[in-house]
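A.B. asks: What follows is the file my_file_10.cif, containing mmCIF, C-alpha atoms:
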data_work
loop_
_atom_site.label_atom_id
_atom_site.label_comp_id
_atom_site.auth_asym_id
_atom_site.auth_seq_id
_atom_site.Cartn_x
_atom_site.Cartn_y
_atom_site.Cartn_z
CA MET P 1 146.86 -8.13 109.36
CA ARG P 2 150.53 -9.01 109.39
CA HIS P 3 152.38 -10.92 106.71
CA PRO P 4 155.98 -12.11 106.84
CA PHE P 5 156.07 -12.16 103.02
CA SER P 6 155.83 -8.36 102.80
CA ALA P 7 157.48 -5.27 104.17
CA THR P 8 154.21 -4.14 105.72
CA ALA P 9 152.29 -5.38 108.71
CA VAL P 10 149.42 -6.53 106.52
CA ARG P 11 148.71 -10.18 105.76
CA THR P 12 147.34 -11.00 102.33
CA ARG P 13 144.92 -13.66 103.47
CA PRO P 14 141.79 -11.76 102.29
CA ALA P 15 143.24 -11.79 98.78
CA ALA P 16 143.87 -15.52 99.09
CA VAL P 17 140.28 -16.07 100.23
CA LEU P 18 138.99 -14.08 97.26
CA THR P 19 141.21 -16.08 94.91
CA ALA P 20 139.91 -19.27 96.49
CA SER P 21 136.38 -17.94 96.01
CA ALA P 22 136.94 -17.51 92.29
CA ALA P 23 138.59 -20.94 92.05
CA THR P 24 135.73 -22.56 93.96
CA ALA P 25 133.18 -20.92 91.70
CA ALA P 26 134.92 -22.43 88.67
CA LEU P 27 134.48 -25.94 90.03
CA ALA P 28 131.53 -27.94 88.83
CA PRO P 29 128.74 -27.75 91.42
CA ALA P 30 128.35 -30.78 93.66
CA ALA P 31 125.33 -32.95 93.07
CA ALA P 32 122.67 -32.69 95.76
CA ALA P 33 123.50 -36.13 97.20
CA GLU P 34 127.29 -35.79 97.27
CA VAL P 35 129.50 -33.65 99.47
CA PRO P 36 133.06 -33.76 98.12
CA VAL P 37 135.81 -33.37 100.72
CA ASP P 38 139.35 -32.48 99.66
CA ASP P 39 142.32 -32.18 101.99
CA PHE P 40 145.23 -29.92 101.10
CA ASP P 41 148.83 -29.65 102.28
CA LEU P 42 150.82 -26.98 100.40
CA THR P 43 154.27 -25.56 101.13
CA ARG P 44 156.13 -22.61 99.67
CA THR P 45 159.31 -20.75 100.58
CA ASP P 46 160.14 -17.13 99.75
CA THR P 47 163.28 -15.06 100.36
CA PHE P 48 163.19 -11.27 100.21
CA THR P 49 164.78 -8.10 101.63
CA ALA P 50 162.58 -5.89 103.83
CA PRO P 51 162.48 -3.81 107.01
CA PRO P 52 161.57 -5.72 110.20
CA GLU P 53 158.08 -5.69 111.67
CA GLY P 54 157.24 -4.05 114.95
CA CYS P 55 160.10 -3.90 117.43
CA LEU P 56 163.28 -3.03 115.52
CA PRO P 57 164.08 0.26 113.71
CA ALA P 58 162.05 0.59 110.50
CA ASP P 59 165.09 1.80 108.53
CA LEU P 60 166.94 -1.48 109.23
CA LEU P 61 166.82 -3.86 106.24
CA GLY P 62 167.19 -7.60 106.58
CA THR P 63 166.98 -10.68 104.42
CA ALA P 64 164.01 -12.85 105.35
CA THR P 65 163.35 -16.47 104.48
CA VAL P 66 159.81 -17.64 105.15
CA THR P 67 158.39 -21.10 104.63
CA GLU P 68 154.60 -21.27 104.72
CA ARG P 69 152.78 -24.59 105.05
CA SER P 70 148.99 -24.55 104.56
CA VAL P 71 147.11 -27.59 105.79
CA GLY P 72 143.34 -27.96 105.73
CA ARG P 73 140.15 -29.25 104.19
CA VAL P 74 137.63 -28.05 101.62
CA VAL P 75 134.05 -29.32 101.87
CA ARG P 76 131.76 -28.48 98.93
CA THR P 77 127.99 -28.52 99.09
CA PRO P 78 125.59 -27.53 96.29
CA GLY P 79 125.46 -23.92 97.55
CA ALA P 80 128.88 -23.27 99.05
CA ALA P 81 132.38 -24.43 99.83
CA VAL P 82 133.79 -24.36 103.36
CA VAL P 83 137.57 -24.11 103.72
CA LYS P 84 139.14 -24.70 107.13
CA GLY P 85 142.80 -24.97 107.98
CA VAL P 86 146.00 -23.55 109.40
CA ASP P 87 148.95 -21.72 107.89
CA LEU P 88 152.22 -22.50 109.68
CA PHE P 89 155.14 -20.12 109.14
CA ASP P 90 158.87 -20.68 109.70
CA PHE P 91 160.39 -17.19 109.66
CA ARG P 92 164.02 -16.05 109.86
CA MET P 93 165.37 -12.56 109.10
CA THR P 94 169.09 -11.77 109.22
CA PHE P 95 170.60 -8.28 109.35
CA PRO P 96 173.96 -6.98 108.02
CA ASP P 97 175.31 -6.55 111.58
CA GLY P 98 174.71 -10.24 112.37
CA ARG P 99 171.53 -9.85 114.42
CA TYR P 100 168.63 -12.07 113.44
CA VAL P 101 164.99 -12.76 114.23
CA ASP P 102 163.35 -16.16 114.05
CA SER P 103 159.93 -17.55 114.73
CA GLY P 104 158.70 -19.70 117.54
CA VAL P 105 154.97 -20.25 117.27
CA ASP P 106 153.77 -18.62 114.05
CA GLU P 107 150.38 -19.82 112.88
CA GLU P 108 147.18 -18.56 111.38
CA ARG P 109 143.97 -20.56 111.75
CA PHE P 110 141.31 -19.79 109.16
CA THR P 111 137.77 -20.68 108.18
CA ALA P 112 136.10 -19.43 105.00
CA VAL P 113 132.64 -19.94 103.53
CA LEU P 114 132.55 -19.26 99.79
CA THR P 115 129.42 -19.11 97.65
CA ARG P 116 128.98 -18.80 93.91
CA PRO P 117 130.03 -15.60 92.07
CA GLY P 118 127.77 -12.65 92.75
CA ARG P 119 127.11 -13.83 96.27
CA LEU P 120 129.11 -13.87 99.49
CA ALA P 121 132.49 -14.96 100.87
CA VAL P 122 133.13 -14.81 104.61
CA ALA P 123 136.46 -15.56 106.29
CA SER P 124 137.47 -15.69 109.94
CA ILE P 125 141.16 -15.65 110.79
CA ASP P 126 142.99 -15.96 114.12
CA SER P 127 146.77 -15.52 114.06
CA ARG P 128 149.53 -15.89 116.62
CA ASP P 129 153.15 -14.95 115.90
CA GLU P 130 155.91 -15.23 118.53
CA ARG P 131 159.44 -14.26 117.44
CA THR P 132 162.80 -13.92 119.19
CA VAL P 133 165.43 -11.28 118.38
CA HIS P 134 169.03 -12.55 118.69
CA ALA P 135 172.42 -10.84 118.94
CA PRO P 136 175.12 -11.85 116.41
CA ASP P 137 176.41 -14.46 118.92
CA GLY P 138 172.95 -16.08 119.12
CA ALA P 139 172.01 -14.71 122.56
CA PRO P 140 168.33 -13.72 122.79
CA THR P 141 167.95 -9.94 123.16
CA GLY P 142 164.21 -9.40 122.75
CA THR P 143 160.85 -10.73 121.65
CA LEU P 144 158.03 -9.79 119.31
CA SER P 145 154.48 -11.05 119.72
CA ILE P 146 151.59 -10.36 117.35
CA ARG P 147 148.07 -11.62 118.07
CA GLU P 148 145.22 -10.83 115.72
CA ALA P 149 141.70 -12.03 115.02
CA TYR P 150 139.34 -10.61 112.41
CA ASP P 151 136.60 -11.31 109.92
CA VAL P 152 136.48 -10.48 106.21
CA VAL P 153 133.22 -10.24 104.28
CA PHE P 154 133.22 -9.98 100.45
CA ARG P 155 129.93 -9.35 98.66
CA ASP P 156 130.59 -9.67 94.94
CA ALA P 157 127.88 -7.23 93.83
CA GLY P 158 129.43 -6.95 90.36
CA GLY P 159 129.46 -10.73 89.93
CA ASN P 160 132.94 -10.61 88.40
CA GLY P 161 134.77 -12.55 91.14
CA GLU P 162 137.04 -9.53 91.74
CA PRO P 163 136.87 -7.17 94.72
CA ASP P 164 135.54 -3.79 93.61
CA PRO P 165 135.23 -0.64 95.79
CA GLY P 166 132.72 -1.17 98.59
CA GLU P 167 132.54 -4.96 98.19
CA ILE P 168 134.93 -5.82 101.05
CA THR P 169 134.32 -5.08 104.72
CA VAL P 170 136.69 -6.03 107.50
CA GLU P 171 135.67 -6.04 111.15
CA ARG P 172 138.77 -6.19 113.36
CA ARG P 173 138.04 -7.80 116.67
CA ARG P 174 141.52 -7.73 118.17
CA PHE P 175 145.14 -6.74 117.40
CA ARG P 176 148.02 -6.73 119.84
CA LEU P 177 151.74 -6.12 119.21
CA THR P 178 154.06 -6.65 122.17
CA CYS P 179 157.82 -6.05 122.19
CA GLY P 180 159.95 -7.36 125.02
#
As a first step, turn the structure in this file into structure tokens.

C.D. replies:
Amino acid sequence: MRHPFSATAVRTRPAAVLTASAATAALAPAAAAEVPVDDFDLTRTDTFTAPPEGCLPADLLGTATVTERSVGRVVRTPGAAVVKGVDLFDFRMTFPDGRYVDSGVDEERFTAVLTRPGRLAVASIDSRDERTVHAPDGAPTGTLSIREAYDVVFRDAGGNGEPDPGEITVERRRFRLTCG
């Protein structure tokens, strides 16, 4: 899965789901009669140097600034927590020759079901990333489109809240990279 915060085309959302799983497990269990609902709205910005994804030469390095806003809801029941939301990305990468890439639509919708340690975490993620490549004068010169949907299943057989070999399976349903 893609991730604008790294130099690779791999998103780190499974790691975030596993971290959320451990955090959820640390929460006091909900009483049988109550179902706590918590909304979240988090924003972070990172700047880094990396090669571009997909459509430009891999040996080209640029400076990227990415702002990620995560908005969603956590619903806890006595046996599980359900997390549903969307990550919205504002991406811009500039290159030494003046070219730049910026995002149009760049979102990742996610749903995760997290149980207590030693049990199961399941996440479903659907992402859409549409970017435009610009010449130094600002004229559009190309596009990049990434569409991906997949599921992540984490069975914490060791009960330690950490992914160990064989505890994560990923079933990719769809991935498409288009350059124009």

A.B. asks: Taking only C-alpha atoms into account, name the residue in P:Gly85, P:Gly72, P:Pro165, P:Pro57 that is nearest to Ile125 in chain P.

C.D. replies: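 Comparing P:Gly85, P:Gly72, P:Pro165, P:Pro57 against Ile125 in chain P, the winner is P:Gly85.
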
A.B. asks: Could you check how far CA of Arg155 in chain P sits from CA of Thr115 in chain P, in Å to one decimal?

C.D. replies: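 Going from CA of Arg155 in chain P over to CA of Thr115 in chain P covers 9.8 Å.
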
A.B. asks: Looking at all atoms listed in the file, which of P:Phe40, P:Phe89, P:Phe110, P:Phe95 is the one that sits closest to Asp59 in chain P?

C.D. replies: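 Distance minimum relative to Asp59 in chain P lands on P:Phe95.
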
A.B. asks: Find, counting all atoms listed in the file, the residue in P:Leu144, P:Val75, P:Ala80, P:Ala112 that gets nearest to Ser124 in chain P.

C.D. replies: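 Using all atoms listed in the file, the shortest distance to Ser124 in chain P belongs to P:Ala112.
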
A.B. asks: Name the residues in contact with Gly62 in chain P at a cut-off of 6 Å, using all atoms listed in the file, excluding same-chain residues fewer than 3 positions from it; report them as a PDB file with C-alpha atoms, in the frame of the given file.

C.D. replies:
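Wrote result-v2.pdb, looks like this:
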ATOM      1  CA  THR P  49     164.780  -8.100 101.630  1.00  0.00           C
ATOM      2  CA  ALA P  50     162.580  -5.890 103.830  1.00  0.00           C
ATOM      3  CA  MET P  93     165.370 -12.560 109.100  1.00  0.00           C
ATOM      4  CA  THR P  94     169.090 -11.770 109.220  1.00  0.00           C
ATOM      5  CA  PHE P  95     170.600  -8.280 109.350  1.00  0.00           C
TER       6      PHE P  95
END

A.B. asks: What would the selection look like, as a list in words, if the PyMOL selection byres ((chain P and resi 156) around 6) were run on the coordinates I just shared?

C.D. replies: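 That expression, the PyMOL selection byres ((chain P and resi 156) around 6), corresponds here to Gly118, Arg119, Arg155, Ala157, Gly158 and Gly159 of chain P.
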
A.B. asks: Using the chain letters and numbering of this document, enumerate as a list of chain:residue names the residues selected by the PyMOL selection byres ((chain P and resi 55) around 12).

C.D. replies: P:Ala9, P:Pro51, P:Pro52, P:Glu53, P:Gly54, P:Leu56, P:Pro57, P:Ala58, P:Asp59, P:Leu60, P:Val101, P:Arg131, P:Thr132, P:Val133, P:Thr141, P:Gly142, P:Thr143, P:Leu144, P:Ser145, P:Ile146, P:Leu177, P:Thr178, P:Cys179, P:Gly180

A.B. asks: Quote the spacing between CA of Arg147 in chain P and CA of Leu120 in chain P in Å to one decimal place.

C.D. replies: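 Interatomic distance here is 26.6 Å.
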
A.B. asks: Within 9 Å of Thr47 in chain P, counting all atoms listed in the file, which residues show up once you throw out same-chain ones fewer than 3 positions away? Write them as a tab-separated table (two decimals) with C-alpha atoms, in the coordinates of the input, please.

C.D. replies:
chain	number	residue	atom	x	y	z
P	5	PHE	CA	156.07	-12.16	103.02
P	63	THR	CA	166.98	-10.68	104.42
P	64	ALA	CA	164.01	-12.85	105.35
P	65	THR	CA	163.35	-16.47	104.48
P	66	VAL	CA	159.81	-17.64	105.15
P	67	THR	CA	158.39	-21.10	104.63

A.B. asks: Pick out the closest residue to Thr169 in chain P from this set: P:Glu148, P:Ala123, P:Gly104, P:Pro136. Count only C-alpha atoms.

C.D. replies: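 Closest to Thr169 in chain P, using only C-alpha atoms: P:Ala123.
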
A.B. asks: Name the closest residue to Ala135 in chain P among the candidates P:Glu68, P:Glu167, P:Asp97, P:Asp41; distances are taken between atoms, counting all atoms listed in the file.

C.D. replies: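 Using all atoms listed in the file, Ala135 in chain P sits closest to P:Asp97.
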
A.B. asks: Tell me, in Å to one decimal, how far CA of Val170 in chain P is from CA of Arg128 in chain P.

C.D. replies: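 One can read the CA of Val170 in chain P to CA of Arg128 in chain P distance as 18.6 Å.
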
A.B. asks: Determine the residue set returned by the PyMOL selection byres ((chain P and resi 79) around 9) for the present structure, and present it as a ChimeraX atom specification.

C.D. replies: /P:29-30,76-78,80-81,114-116

A.B. asks: Missing atoms in range 113-129 of chain P: can you complete it with N, CA, C and O atoms, as a compact mmCIF listing (two decimals), in the frame of the given file?

C.D. replies:
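Listing of rebuild30.txt after writing:
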# COMPACT_ATOMS: atom_id res chain seq x y z
N VAL P 113 133.83 -19.42 104.20
CA VAL P 113 132.64 -19.94 103.53
C VAL P 113 132.53 -19.17 102.22
O VAL P 113 132.46 -17.94 102.23
N LEU P 114 132.54 -19.88 101.12
CA LEU P 114 132.55 -19.26 99.79
C LEU P 114 131.32 -19.73 99.02
O LEU P 114 131.06 -20.92 98.91
N THR P 115 130.58 -18.76 98.46
CA THR P 115 129.42 -19.11 97.65
C THR P 115 129.74 -18.81 96.19
O THR P 115 130.83 -18.37 95.86
N ARG P 116 128.77 -19.02 95.34
CA ARG P 116 128.98 -18.80 93.91
C ARG P 116 129.23 -17.33 93.60
O ARG P 116 128.88 -16.47 94.39
N PRO P 117 129.80 -17.01 92.42
CA PRO P 117 130.03 -15.60 92.07
C PRO P 117 128.76 -14.78 92.19
O PRO P 117 127.67 -15.27 91.91
N GLY P 118 128.92 -13.53 92.59
CA GLY P 118 127.77 -12.65 92.75
C GLY P 118 127.13 -12.78 94.11
O GLY P 118 126.16 -12.10 94.41
N ARG P 119 127.70 -13.64 94.95
CA ARG P 119 127.11 -13.83 96.27
C ARG P 119 128.08 -13.38 97.35
O ARG P 119 128.56 -12.29 97.32
N LEU P 120 128.42 -14.26 98.28
CA LEU P 120 129.11 -13.87 99.49
C LEU P 120 130.29 -14.78 99.81
O LEU P 120 130.22 -15.99 99.61
N ALA P 121 131.36 -14.20 100.31
CA ALA P 121 132.49 -14.96 100.87
C ALA P 121 132.77 -14.37 102.24
O ALA P 121 132.85 -13.16 102.40
N VAL P 122 132.88 -15.23 103.23
CA VAL P 122 133.13 -14.81 104.61
C VAL P 122 134.33 -15.59 105.12
O VAL P 122 134.39 -16.81 104.95
N ALA P 123 135.29 -14.89 105.74
CA ALA P 123 136.46 -15.56 106.29
C ALA P 123 136.69 -15.08 107.72
O ALA P 123 136.49 -13.92 108.03
N SER P 124 137.10 -16.00 108.57
CA SER P 124 137.47 -15.69 109.94
C SER P 124 138.89 -16.19 110.15
O SER P 124 139.19 -17.35 109.82
N ILE P 125 139.75 -15.32 110.67
CA ILE P 125 141.16 -15.65 110.79
C ILE P 125 141.64 -15.28 112.19
O ILE P 125 141.32 -14.21 112.70
N ASP P 126 142.42 -16.19 112.80
CA ASP P 126 142.99 -15.96 114.12
C ASP P 126 144.47 -16.29 114.02
O ASP P 126 144.83 -17.43 113.72
N SER P 127 145.34 -15.28 114.23
CA SER P 127 146.77 -15.52 114.06
C SER P 127 147.54 -15.27 115.35
O SER P 127 147.15 -14.44 116.18
N ARG P 128 148.63 -16.01 115.48
CA ARG P 128 149.53 -15.89 116.62
C ARG P 128 150.95 -16.00 116.08
O ARG P 128 151.28 -16.97 115.40
N ASP P 129 151.78 -14.99 116.40
CA ASP P 129 153.15 -14.95 115.90
C ASP P 129 154.06 -14.57 117.06
O ASP P 129 153.94 -13.48 117.62
